[in-house]
$ cat query_21.cif   # mmCIF, C-alpha atoms
data_model
loop_
_atom_site.label_atom_id
_atom_site.label_comp_id
_atom_site.auth_asym_id
_atom_site.auth_seq_id
_atom_site.Cartn_x
_atom_site.Cartn_y
_atom_site.Cartn_z
CA MET A 1 200.71 128.10 250.57
CA ILE A 2 201.17 125.14 248.26
CA THR A 3 200.14 125.96 244.70
CA ALA A 4 197.67 123.91 242.66
CA GLU A 5 200.54 122.57 240.55
CA GLU A 6 202.53 121.54 243.63
CA TYR A 7 199.45 119.86 245.09
CA GLU A 8 198.99 117.77 241.95
CA LEU A 9 202.66 116.77 242.09
CA LEU A 10 202.41 115.79 245.75
CA CYS A 11 199.56 113.45 244.88
CA LEU A 12 201.58 111.60 242.21
CA PRO A 13 202.60 108.05 243.24
CA GLU A 14 206.28 108.59 242.40
CA VAL A 15 206.45 111.76 244.51
CA ARG A 16 204.69 110.11 247.42
CA GLU A 17 207.13 107.20 247.16
CA ALA A 18 210.08 109.62 247.13
CA ILE A 19 208.80 111.37 250.27
CA HIS A 20 208.41 108.02 252.01
CA ALA A 21 211.89 106.88 250.96
CA CYS A 22 213.54 110.15 252.07
CA ARG A 23 212.01 110.37 255.55
CA GLY A 24 214.75 110.56 258.13
CA ARG A 25 217.20 112.20 255.75
CA ASP A 26 218.50 115.75 256.07
CA PRO A 27 216.08 117.94 254.06
CA LEU A 28 218.96 119.93 252.56
CA SER A 29 220.59 116.79 251.21
CA VAL A 30 217.24 115.72 249.77
CA ALA A 31 216.80 119.08 248.05
CA MET A 32 220.23 118.72 246.40
CA ASP A 33 219.75 115.08 245.37
CA ARG A 34 219.36 114.89 241.58
CA HIS A 35 217.91 111.38 241.86
CA VAL A 36 214.88 112.59 243.82
CA PRO A 37 211.96 113.72 241.63
CA HIS A 38 210.89 117.30 242.40
CA ALA A 39 213.57 117.30 245.07
CA ARG A 40 212.86 120.68 246.69
CA LEU A 41 209.16 119.93 247.04
CA VAL A 42 209.96 116.52 248.50
CA ALA A 43 212.54 118.05 250.87
CA THR A 44 210.00 120.50 252.27
CA GLN A 45 207.57 117.68 253.03
CA VAL A 46 210.33 115.58 254.60
CA LYS A 47 211.22 118.53 256.83
CA TYR A 48 207.66 119.11 258.05
CA LEU A 49 206.83 115.42 258.43
CA ALA A 50 209.80 115.16 260.78
CA ARG A 51 208.47 118.08 262.80
CA ALA A 52 204.98 116.58 262.72
CA ALA A 53 206.15 113.40 264.43
CA GLU A 54 205.70 115.08 267.83
CA LYS A 55 203.16 117.81 267.08
CA LEU A 56 200.89 115.94 264.64
CA PRO A 57 201.73 112.23 264.93
CA THR A 58 198.60 111.05 263.09
CA TYR A 59 199.45 113.31 260.15
CA ALA A 60 203.05 112.12 260.19
CA ALA A 61 202.05 108.46 260.26
CA ALA A 62 199.75 108.93 257.26
CA GLU A 63 202.37 111.02 255.42
CA CYS A 64 199.90 113.83 254.89
CA ILE A 65 200.55 116.94 252.81
CA LEU A 66 201.81 119.68 255.14
CA PRO A 67 201.77 123.29 253.86
CA PRO A 68 204.38 125.12 255.98
CA ARG A 69 202.25 128.10 257.01
CA ALA A 70 199.21 125.97 257.87
CA PHE A 71 201.45 123.63 259.85
CA GLU A 72 202.88 126.49 261.90
CA GLN A 73 199.41 127.84 262.70
CA ALA A 74 197.90 124.45 263.58
CA SER A 75 197.19 123.21 267.10
CA SER A 76 199.08 120.20 268.36
CA GLU A 77 197.08 116.98 268.42
CA ALA A 78 197.57 116.81 272.20
CA CYS A 79 195.83 120.17 272.70
CA ALA A 80 193.16 119.47 270.08
CA ALA A 81 192.25 116.18 271.76
CA HIS A 82 191.56 118.01 275.02
CA LYS A 83 188.50 119.91 273.76
CA ARG A 84 185.63 119.39 276.23
CA ILE A 85 182.79 119.04 273.71
CA GLY A 86 180.97 116.14 272.10
CA GLY A 87 177.64 115.11 270.59
CA ASP A 88 176.02 114.26 267.29
CA THR A 89 176.96 117.14 264.97
CA VAL A 90 179.46 120.00 265.12
CA LEU A 91 180.27 122.87 262.78
CA ASP A 92 183.93 123.91 262.63
CA LEU A 93 183.98 127.46 261.29
CA THR A 94 187.76 127.60 260.80
CA CYS A 95 189.11 124.27 259.59
CA GLY A 96 192.63 125.17 258.44
CA LEU A 97 194.81 122.06 258.38
CA GLY A 98 192.01 120.25 260.21
CA VAL A 99 193.75 119.24 263.44
CA ASP A 100 190.84 120.33 265.63
CA ALA A 101 188.32 118.85 263.18
CA LEU A 102 190.19 115.55 263.40
CA ALA A 103 189.88 115.59 267.20
CA LEU A 104 186.21 116.54 266.96
CA SER A 105 185.56 113.64 264.57
CA ARG A 106 186.33 111.29 267.47
CA ARG A 107 183.73 113.00 269.67
CA PHE A 108 180.95 113.68 267.15
CA ARG A 109 179.13 111.51 264.65
CA ARG A 110 179.45 114.17 261.94
CA VAL A 111 181.70 117.19 261.46
CA ILE A 112 181.18 119.99 258.94
CA ALA A 113 184.48 121.85 258.54
CA LEU A 114 184.57 125.18 256.72
CA GLU A 115 187.71 126.43 254.98
CA ARG A 116 187.61 129.58 252.89
CA ASP A 117 190.94 128.97 251.10
CA PRO A 118 190.21 126.64 248.16
CA MET A 119 193.70 125.11 248.03
CA LEU A 120 193.84 124.46 251.77
CA ALA A 121 190.36 122.93 251.62
CA ARG A 122 191.57 120.48 248.93
CA ILE A 123 194.69 119.60 250.90
CA THR A 124 192.76 119.06 254.13
CA ALA A 125 190.18 116.84 252.44
CA GLU A 126 193.01 114.81 250.88
CA ASN A 127 194.70 114.46 254.26
CA PHE A 128 191.51 113.20 255.91
CA SER A 129 191.27 110.62 253.15
CA ARG A 130 194.86 109.50 253.80
CA MET A 131 194.08 109.16 257.50
CA GLY A 132 190.93 107.16 256.79
CA ILE A 133 188.58 109.75 258.32
CA THR A 134 185.09 109.45 256.82
CA ASN A 135 182.85 111.58 259.06
CA ILE A 136 184.31 115.01 258.22
CA GLU A 137 182.96 117.03 255.31
CA VAL A 138 185.25 119.87 254.25
CA VAL A 139 183.33 122.75 252.65
CA ASN A 140 185.18 125.48 250.76
CA ILE A 141 183.23 128.51 251.97
CA ALA A 142 183.61 131.44 254.36
CA ALA A 143 181.94 131.07 257.75
CA GLU A 144 179.96 134.28 257.27
CA GLU A 145 178.39 132.96 254.07
CA TYR A 146 177.67 129.47 255.38
CA LEU A 147 175.97 130.71 258.56
CA ARG A 148 173.45 132.69 256.51
CA ARG A 149 171.95 129.43 255.26
CA GLU A 150 168.52 128.56 256.59
CA GLY A 151 167.75 125.52 258.71
CA LEU A 152 171.22 124.97 260.21
CA ARG A 153 171.20 122.92 263.42
CA PHE A 154 174.27 121.72 265.29
CA ASP A 155 174.97 120.47 268.80
CA TRP A 156 178.06 122.67 268.93
CA ILE A 157 179.78 125.32 266.84
CA TYR A 158 183.55 125.49 267.12
CA ALA A 159 185.86 128.31 266.03
CA ASP A 160 189.58 129.05 266.11
CA PRO A 161 189.62 132.51 264.50
CA ASP A 162 192.62 133.67 262.47
CA ARG A 163 194.60 136.00 264.73
CA ARG A 164 196.64 137.62 261.96
CA SER A 165 195.70 140.79 260.13
CA GLU A 166 196.03 141.13 256.36
CA LYS A 167 199.47 142.61 257.03
CA GLY A 168 200.46 139.65 259.21
CA LEU A 169 200.19 141.49 262.54
CA LYS A 170 198.98 139.59 265.63
CA GLN A 171 195.47 140.41 266.79
CA LEU A 172 194.53 140.01 270.46
CA ARG A 173 190.99 141.41 270.49
CA LEU A 174 188.43 138.78 269.49
CA GLU A 175 186.51 141.22 267.31
CA ALA A 176 189.69 141.91 265.29
CA CYS A 177 190.13 138.25 264.41
CA SER A 178 188.67 136.51 261.37
CA PRO A 179 185.91 135.54 261.35
CA ASP A 180 184.52 138.07 263.83
CA ILE A 181 182.80 135.73 266.27
CA LEU A 182 181.14 138.56 268.19
CA ALA A 183 179.54 139.98 265.05
CA LEU A 184 178.42 136.49 264.00
CA ARG A 185 176.82 135.61 267.35
CA PRO A 186 173.23 136.15 266.18
CA LEU A 187 173.77 133.72 263.29
CA ILE A 188 175.69 131.30 265.50
CA ARG A 189 172.91 131.25 268.12
CA ARG A 190 170.37 130.55 265.39
CA ALA A 191 172.34 127.42 264.42
CA SER A 192 173.38 126.20 267.89
CA ALA A 193 172.93 126.99 271.57
CA ARG A 194 176.53 126.07 272.31
CA LEU A 195 179.70 127.75 271.07
CA CYS A 196 183.33 126.78 271.69
CA VAL A 197 186.01 129.36 270.84
CA LYS A 198 189.76 128.80 270.93
CA ASN A 199 191.72 131.96 271.73
CA SER A 200 195.36 132.97 271.81
CA PRO A 201 197.32 132.09 274.98
CA LEU A 202 197.63 135.86 275.45
CA PHE A 203 193.84 136.31 275.63
CA ASP A 204 192.73 137.62 279.04
CA VAL A 205 190.43 135.44 281.16
CA ASP A 206 188.60 138.46 282.56
CA GLU A 207 187.90 139.65 279.01
CA ALA A 208 186.62 136.18 278.11
CA LEU A 209 184.11 136.25 280.97
CA ARG A 210 183.11 139.81 280.13
CA LEU A 211 182.28 138.79 276.57
CA PHE A 212 180.76 135.42 277.53
CA PRO A 213 179.53 135.86 281.15
CA ARG A 214 177.84 132.44 281.47
CA SER A 215 180.70 130.47 279.97
CA SER A 216 183.44 128.20 281.22
CA VAL A 217 186.89 129.59 280.44
CA GLU A 218 189.77 127.13 280.39
CA VAL A 219 193.47 127.95 280.22
CA VAL A 220 195.33 125.00 278.70
CA SER A 221 199.06 124.40 279.00
CA LEU A 222 201.37 121.67 277.74
CA GLY A 223 204.88 121.22 279.10
CA ASP A 224 204.45 124.35 281.27
CA GLU A 225 203.79 126.45 278.17
CA CYS A 226 200.42 128.16 277.84
CA LYS A 227 198.87 127.01 274.57
CA GLU A 228 195.32 128.35 274.40
CA VAL A 229 192.43 129.98 276.25
CA MET A 230 189.21 128.10 275.53
CA VAL A 231 185.74 129.57 275.93
CA TYR A 232 182.79 127.16 276.28
CA ASP A 233 179.76 129.40 275.86
CA ASP A 234 177.11 126.87 276.91
CA GLY A 235 175.64 128.30 280.12
CA SER A 236 177.94 126.22 282.34
CA GLY A 237 179.61 129.21 284.00
CA PRO A 238 180.87 131.50 285.13
CA ARG A 239 183.73 129.07 285.69
CA ILE A 240 187.50 129.30 285.28
CA ILE A 241 189.60 126.18 284.77
CA ALA A 242 193.38 125.81 284.66
CA THR A 243 194.43 122.62 282.91
CA ALA A 244 197.97 121.36 282.54
CA ILE A 245 197.72 118.45 280.09
CA GLY A 246 199.09 115.36 281.77
CA ARG A 247 199.18 117.04 285.20
CA GLY A 248 195.58 117.83 286.11
CA SER A 249 193.04 120.64 286.44
CA PHE A 250 191.93 123.13 289.05
CA GLU A 251 188.89 125.39 288.86
CA ALA A 252 186.85 128.16 290.45
CA THR A 253 183.11 128.10 289.87
CA GLY A 254 180.08 130.30 290.44
CA GLU A 255 179.83 134.05 290.51
CA GLY A 256 183.25 134.33 292.11
CA ALA A 257 184.84 133.05 288.94
CA GLY A 258 183.81 136.30 287.30
CA LYS A 259 186.39 137.99 289.53
CA ALA A 260 189.37 135.92 288.47
CA SER A 261 191.82 138.73 289.06
CA ALA A 262 190.92 138.61 292.77
CA ASP A 263 191.46 134.83 292.91
CA VAL A 264 188.11 134.07 294.49
CA ALA A 265 185.73 131.14 294.28
CA PRO A 266 182.18 131.05 295.68
CA GLU A 267 183.22 128.92 298.64
CA VAL A 268 186.03 131.35 299.44
CA ALA A 269 185.63 134.81 300.93
CA PRO A 270 186.61 137.80 298.78
CA SER A 271 190.34 138.31 298.37
CA ALA A 272 190.61 141.00 301.06
CA GLU A 273 189.07 138.60 303.61
CA LEU A 274 191.19 135.54 302.75
CA PRO A 275 193.24 134.41 305.74
CA ALA A 276 196.83 135.41 305.13
CA PRO A 277 199.45 132.67 304.84
CA PRO A 278 201.83 132.26 307.78
CA ALA A 279 204.73 134.68 307.98
CA PHE A 280 207.59 133.64 305.74
CA ASP A 281 210.16 131.62 307.71
CA PRO A 282 213.01 130.54 305.41
CA THR A 283 214.30 128.01 307.94
CA ARG A 284 211.09 125.94 307.88
CA TYR A 285 210.62 125.05 304.24
CA ARG A 286 211.97 121.95 302.57
CA TRP A 287 209.96 122.08 299.37
CA LEU A 288 209.47 124.72 296.68
CA VAL A 289 206.20 124.61 294.72
CA VAL A 290 206.35 126.01 291.18
CA PRO A 291 202.74 126.17 289.92
CA ASP A 292 202.11 125.40 286.27
CA VAL A 293 201.76 128.35 283.93
CA ALA A 294 198.07 127.51 283.41
CA LEU A 295 197.36 128.36 287.05
CA ARG A 296 199.20 131.65 286.75
CA LYS A 297 197.46 132.60 283.51
CA ALA A 298 194.05 131.72 284.98
CA ARG A 299 194.91 133.70 288.13
CA LEU A 300 194.16 130.65 290.26
CA THR A 301 197.63 130.27 291.78
CA ARG A 302 196.80 131.46 295.28
CA LEU A 303 193.60 129.42 295.47
CA HIS A 304 195.49 126.30 294.44
CA LEU A 305 198.45 126.88 296.75
CA ARG A 306 196.19 127.45 299.76
CA GLY A 307 195.48 123.73 299.73
CA VAL A 308 198.95 122.39 299.08
CA ALA A 309 201.53 124.75 300.61
CA ASP A 310 202.26 126.22 304.04
CA CYS A 311 203.16 129.62 302.65
CA TRP A 312 202.66 131.25 299.30
CA SER A 313 203.09 134.61 297.70
CA ASP A 314 201.42 136.53 294.93
CA ASN A 315 204.45 136.03 292.70
CA GLY A 316 203.62 132.36 292.13
CA PHE A 317 205.97 130.33 294.36
CA GLY A 318 204.75 128.21 297.26
CA PHE A 319 206.74 126.81 300.18
CA ALA A 320 206.08 123.72 302.29
CA SER A 321 207.71 121.92 305.21
CA GLU A 322 206.29 118.54 304.11
CA GLU A 323 206.26 117.31 300.52
CA PRO A 324 202.97 118.56 298.98
CA GLN A 325 200.69 116.19 297.11
CA GLN A 326 198.41 116.73 294.11
CA VAL A 327 200.22 119.81 292.90
CA ILE A 328 199.64 121.05 289.37
CA GLY A 329 203.19 122.03 288.69
CA ARG A 330 206.61 121.10 290.01
CA VAL A 331 207.64 120.29 293.57
CA LEU A 332 211.38 120.76 294.11
CA PRO A 333 213.43 119.82 297.21
CA VAL A 334 214.97 122.82 298.95
CA GLU A 335 218.52 122.76 300.31
CA ALA A 336 218.45 126.28 301.76
CA ILE A 337 216.73 129.65 301.45
CA GLU A 338 218.99 132.67 301.85
CA PRO A 339 218.82 136.45 301.44
CA TYR A 340 219.91 137.54 297.99
CA ASP A 341 223.52 138.71 298.23
CA PRO A 342 224.76 139.38 294.68
CA LYS A 343 228.42 139.92 295.61
CA ARG A 344 228.66 136.67 297.54
CA LEU A 345 226.78 134.79 294.83
CA ARG A 346 229.06 136.13 292.13
CA ARG A 347 232.15 134.95 294.01
CA GLU A 348 230.58 131.53 294.43
CA LEU A 349 228.92 131.05 291.03
CA ARG A 350 231.32 132.70 288.62
CA GLY A 351 231.89 130.30 285.73
CA CYS A 352 229.29 127.82 287.01
CA GLY A 353 226.45 126.35 284.98
CA ILE A 354 223.11 126.94 286.71
CA GLU A 355 219.47 126.13 286.07
CA LEU A 356 217.62 129.30 287.01
CA LEU A 357 214.02 129.93 288.06
CA LYS A 358 212.60 133.31 289.02
CA ARG A 359 209.32 134.92 290.02
CA ASP A 360 208.74 138.60 290.79
CA PHE A 361 212.44 139.38 290.56
CA PRO A 362 213.58 142.72 289.09
CA LEU A 363 216.25 141.28 286.77
CA ALA A 364 215.63 139.32 283.60
CA ALA A 365 217.13 135.83 283.62
CA GLU A 366 219.82 136.77 281.09
CA GLU A 367 220.86 139.85 283.06
CA LEU A 368 220.88 137.91 286.32
CA MET A 369 223.14 135.28 284.75
CA ARG A 370 225.47 138.00 283.47
CA ARG A 371 225.75 139.70 286.84
CA LEU A 372 226.46 136.42 288.57
CA GLY A 373 229.08 135.49 285.99
CA ALA A 374 227.26 132.19 285.42
CA HIS A 375 225.91 130.39 282.39
CA ALA A 376 223.12 127.92 281.68
CA GLY A 377 223.97 124.46 282.92
CA ALA A 378 223.20 121.77 285.48
CA GLU A 379 225.82 122.26 288.20
CA GLN A 380 223.38 124.07 290.48
CA ARG A 381 219.66 124.86 290.53
CA LEU A 382 218.66 128.22 291.98
CA ALA A 383 215.37 130.11 292.29
CA PHE A 384 215.13 133.86 292.82
CA THR A 385 212.09 135.67 294.18
CA LYS A 386 210.74 138.56 296.20
CA ILE A 387 208.63 138.08 299.31
CA GLY A 388 207.43 141.10 301.18
CA GLY A 389 210.15 143.68 300.69
CA ASN A 390 213.02 141.20 300.57
CA PHE A 391 214.78 139.29 297.80
CA TRP A 392 215.64 135.64 298.29
CA VAL A 393 217.67 132.91 296.60
CA ILE A 394 216.47 129.34 296.97
CA ARG A 395 218.99 126.53 296.57
CA ILE A 396 217.36 123.49 295.05
CA LYS A 397 218.80 120.02 295.66
#

$ encode --input "query_21.cif" --output "C-alpha cells"
Amino acid sequence: MITAEEYELLCLPEVREAIHACRGRDPLSVAMDRHVPHARLVATQVKYLARAAEKLPTYAAAECILPPRAFEQASSEACAAHKRIGGDTVLDLTCGLGVDALALSRRFRRVIALERDPMLARITAENFSRMGITNIEVVNIAAEEYLRREGLRFDWIYADPDRRSEKGLKQLRLEACSPDILALRPLIRRASARLCVKNSPLFDVDEALRLFPRSSVEVVSLGDECKEVMVYDDGSGPRIIATAIGRGSFEATGEGAGKASADVAPEVAPSAELPAPPAFDPTRYRWLVVPDVALRKARLTRLHLRGVADCWSDNGFGFASEEPQQVIGRVLPVEAIEPYDPKRLRRELRGCGIELLKRDFPLAAEELMRRLGAHAGAEQRLAFTKIGGNFWVIRIK
C-alpha cells in the first residue's frame, strides 16, 4: 500500500506533472532518470497507468493514484459497468479502489462507499475528485461498525468481500471472506431489502442458490474468461444467468434453476427426461460450436446448445450442419472430423504450429502438444474431444 508520505508526494503539482510527462515511457528508464523527481514513485504510477488504459480507462484518463495491490484486486470497468442494479441510494460495503462504486454512481443518485483502510479511503476519495465524481461519499469505517448504526435505509447494498485471509491465502467460502456477509445478513436486511454480492469466478452456482434461494445468480465472463459470480438477493429468483459481455446472455428461471447441475429450466423436463441429441455423425457437421465459459460455469451449456446445434455433448462442444445463429460463444467452420489417431497426427503435425482447443480430453494441452511434436502457432486449428467412448480430432478451417 502507498504510505502517507508517498500519497502526499503524489499529490504535489511537480510530481503529477512528472507522471504526465513520463506516460508512455518504459517504467525502468523512468526509475533510473535523475531528472525525474521521486523517480521510482513516478515510475510505479507510469507502469500502472499504462496497465489501467484497458482495465480502468476512466482512471487512466484522469491520471488517478493507483496503489499496486488495490489495482490488482480491482474489477475492470467493463465488468463493474455490467451490475444489474440501480435506484436512489446504494451502500457499498467494500469500496477498495472504488471501481464498482464508480459504476454504481452512474446508476444511483447517491453512493455511500465504505473503506476500512484509512490510506486507501484517502486515495479513493482523491481519485473520485480527479474524475469529477460528486455523488460518492467515501467513509473510512468497517462495514460491521457502519451497519450497526440506527436508521439506515438504502435501495440496495452492494458487497465485494475480500477473498484473502490474513496470511494471503485465497478464500472460496463466502463466510470465510471479509466482511462475513452471511453473519451480517440481519443488519443488512434491516438497512435494505436488496443485496448484491460479487463472488470469485470459482464460486459455485449451486452454493449461491443454496445460500440465497430466492436470488438471481449471474456468471459473468469477458473475453471467454470467467470474471465473477454475482448474486442478486432481491426475490427475483431462483434464476441462473450466463452473461458473456459483448456477446449476450442466456438464463434458466423458476424452480428448475435451483437444480443448475442438472441443466434444467421450468419449461424443460428434468435432465433424465430431456430428449437425447441425435447420434453423433462426424460426416454431417460443418460447424463447431464452442460455448462461452460463462455458459459452462453456469451449467447452462446443454440448454443453450439444444436451441442452436444439431448435436451436443456434456463436454461443452456442439456440432451443426448449418451455421448456427445467436450463439453465445464461437462458431468455427469444420473441415473434417476424424477419429483421434496419435501416431498419424504426429507424423503429420511434427514441427507444425497449431491453435489447439480441447474439451473432455484426457491430456492437458501442453502434453498433447508435446506428444504431437507440435508447438503453438497458426498453421492449423484443431479441436480434440471425447464423445461417447471415442476420441475425436476436429479440423477447423

$ residues_around --input "query_21.cif" --residues "Ile123 of chain A" --least-positions-apart "4" --cutoff "8 Å" --atoms "all atoms listed in the file" --output "list of chain:residue names"
A:Tyr7, A:Ile65, A:Leu97, A:Met119, A:Asn127

$ resolve_selection --input "query_21.cif" --expression "the PyMOL selection byres ((chain A and resi 345-361) around 6)" --output "count of residues only"
21

$ atom_distance --input "query_21.cif" --atom1 "atom CA of Glu251 of chain A" --atom2 "atom CA of Arg302 of chain A"
11.9 Å

$ closest_atom_pairs --input "query_21.cif" --of "segment 64-100 of chain A" --to "segment 217-227 of chain A" --cutoff "9 Å" --atoms "only C-alpha atoms" --output "tab-separated table"
residue	atom	partner	partner_atom	distance
A:Ser75	CA	A:Lys227	CA	8.5
A:Ala78	CA	A:Leu222	CA	8.3
A:Cys79	CA	A:Leu222	CA	7.6
A:His82	CA	A:Val220	CA	8.8

$ write_last_selection --input "query_21.cif" --atoms "C-alpha atoms" --output "PDB file, keeping the file's coordinate frame"
ATOM      1  CA  SER A  75     197.190 123.210 267.100  1.00  0.00           C
ATOM      2  CA  ALA A  78     197.570 116.810 272.200  1.00  0.00           C
ATOM      3  CA  CYS A  79     195.830 120.170 272.700  1.00  0.00           C
ATOM      4  CA  HIS A  82     191.560 118.010 275.020  1.00  0.00           C
TER       5      HIS A  82
END

$ atom_distance --input "query_21.cif" --atom1 "atom CA of Pro68 of chain A" --atom2 "atom CA of Asp100 of chain A"
17.3 Å

$ resolve_selection --input "query_21.cif" --expression "the PyMOL selection byres ((chain A and resi 238-248) around 9)" --output "ChimeraX atom specification"
/A:78-79,82,205,209,212-226,235-237,249-258,260,292-300,326-329

$ atom_distance --input "query_21.cif" --atom1 "atom CA of Glu335 of chain A" --atom2 "atom CA of Arg395 of chain A"
5.3 Å

$ closest_residue --input "query_21.cif" --among "A:Asn140, A:Thr301, A:Thr89, A:Thr94" --to "Ala74 of chain A" --atoms "all atoms listed in the file"
A:Thr94

$ residues_near_point --input "query_21.cif" --point "(179.9, 125.7, 265.1)" --cutoff "6 Å" --atoms "all atoms listed in the file" --output "ChimeraX atom specification"
/A:90-93,156-158

$ residues_around --input "query_21.cif" --residues "segment 282-289 of chain A" --least-positions-apart "4" --cutoff "6 Å" --atoms "all atoms listed in the file" --output "PyMOL selection string"
chain A and resi 317-321+330-334+337

$ resolve_selection --input "query_21.cif" --expression "the PyMOL selection byres ((chain A and resi 121) around 10)" --output "VMD selection string"
chain A and resid 95 to 98 113 to 120 122 to 127 138 to 141

$ residues_around --input "query_21.cif" --residues "His20 of chain A" --least-positions-apart "3" --cutoff "9 Å" --atoms "only C-alpha atoms" --output "list of chain:residue names"
A:Val15, A:Arg16, A:Glu17, A:Arg23, A:Val46, A:Glu63

$ closest_residue --input "query_21.cif" --among "A:Ala101, A:Val111, A:Ala159, A:Met230" --to "Asp180 of chain A" --atoms "only C-alpha atoms"
A:Ala159

$ residues_around --input "query_21.cif" --residues "Ala53 of chain A" --least-positions-apart "2" --cutoff "12 Å" --atoms "all atoms listed in the file" --output "ChimeraX atom specification"
/A:23-24,46-51,55-64,76-77

$ write_last_selection --input "query_21.cif" --atoms "C-alpha atoms" --output "CSV table (one decimal), in the frame of the given file"
chain,number,residue,atom,x,y,z
A,23,ARG,CA,212.0,110.4,255.6
A,24,GLY,CA,214.8,110.6,258.1
A,46,VAL,CA,210.3,115.6,254.6
A,47,LYS,CA,211.2,118.5,256.8
A,48,TYR,CA,207.7,119.1,258.0
A,49,LEU,CA,206.8,115.4,258.4
A,50,ALA,CA,209.8,115.2,260.8
A,51,ARG,CA,208.5,118.1,262.8
A,55,LYS,CA,203.2,117.8,267.1
A,56,LEU,CA,200.9,115.9,264.6
A,57,PRO,CA,201.7,112.2,264.9
A,58,THR,CA,198.6,111.0,263.1
A,59,TYR,CA,199.4,113.3,260.2
A,60,ALA,CA,203.0,112.1,260.2
A,61,ALA,CA,202.0,108.5,260.3
A,62,ALA,CA,199.8,108.9,257.3
A,63,GLU,CA,202.4,111.0,255.4
A,64,CYS,CA,199.9,113.8,254.9
A,76,SER,CA,199.1,120.2,268.4
A,77,GLU,CA,197.1,117.0,268.4

$ closest_residue --input "query_21.cif" --among "A:Asp155, A:Glu338, A:Glu72, A:Asp310" --to "Arg109 of chain A" --atoms "all atoms listed in the file"
A:Asp155

$ closest_residue --input "query_21.cif" --among "A:Ala183, A:Met32, A:Ala18, A:Val42" --to "Glu6 of chain A" --atoms "all atoms listed in the file"
A:Val42

$ residues_around --input "query_21.cif" --residues "segment 185-190 of chain A" --least-positions-apart "3" --cutoff "9 Å" --atoms "only C-alpha atoms" --output "PyMOL selection string"
chain A and resi 144+147-148+151-153+157+180-182+193-195
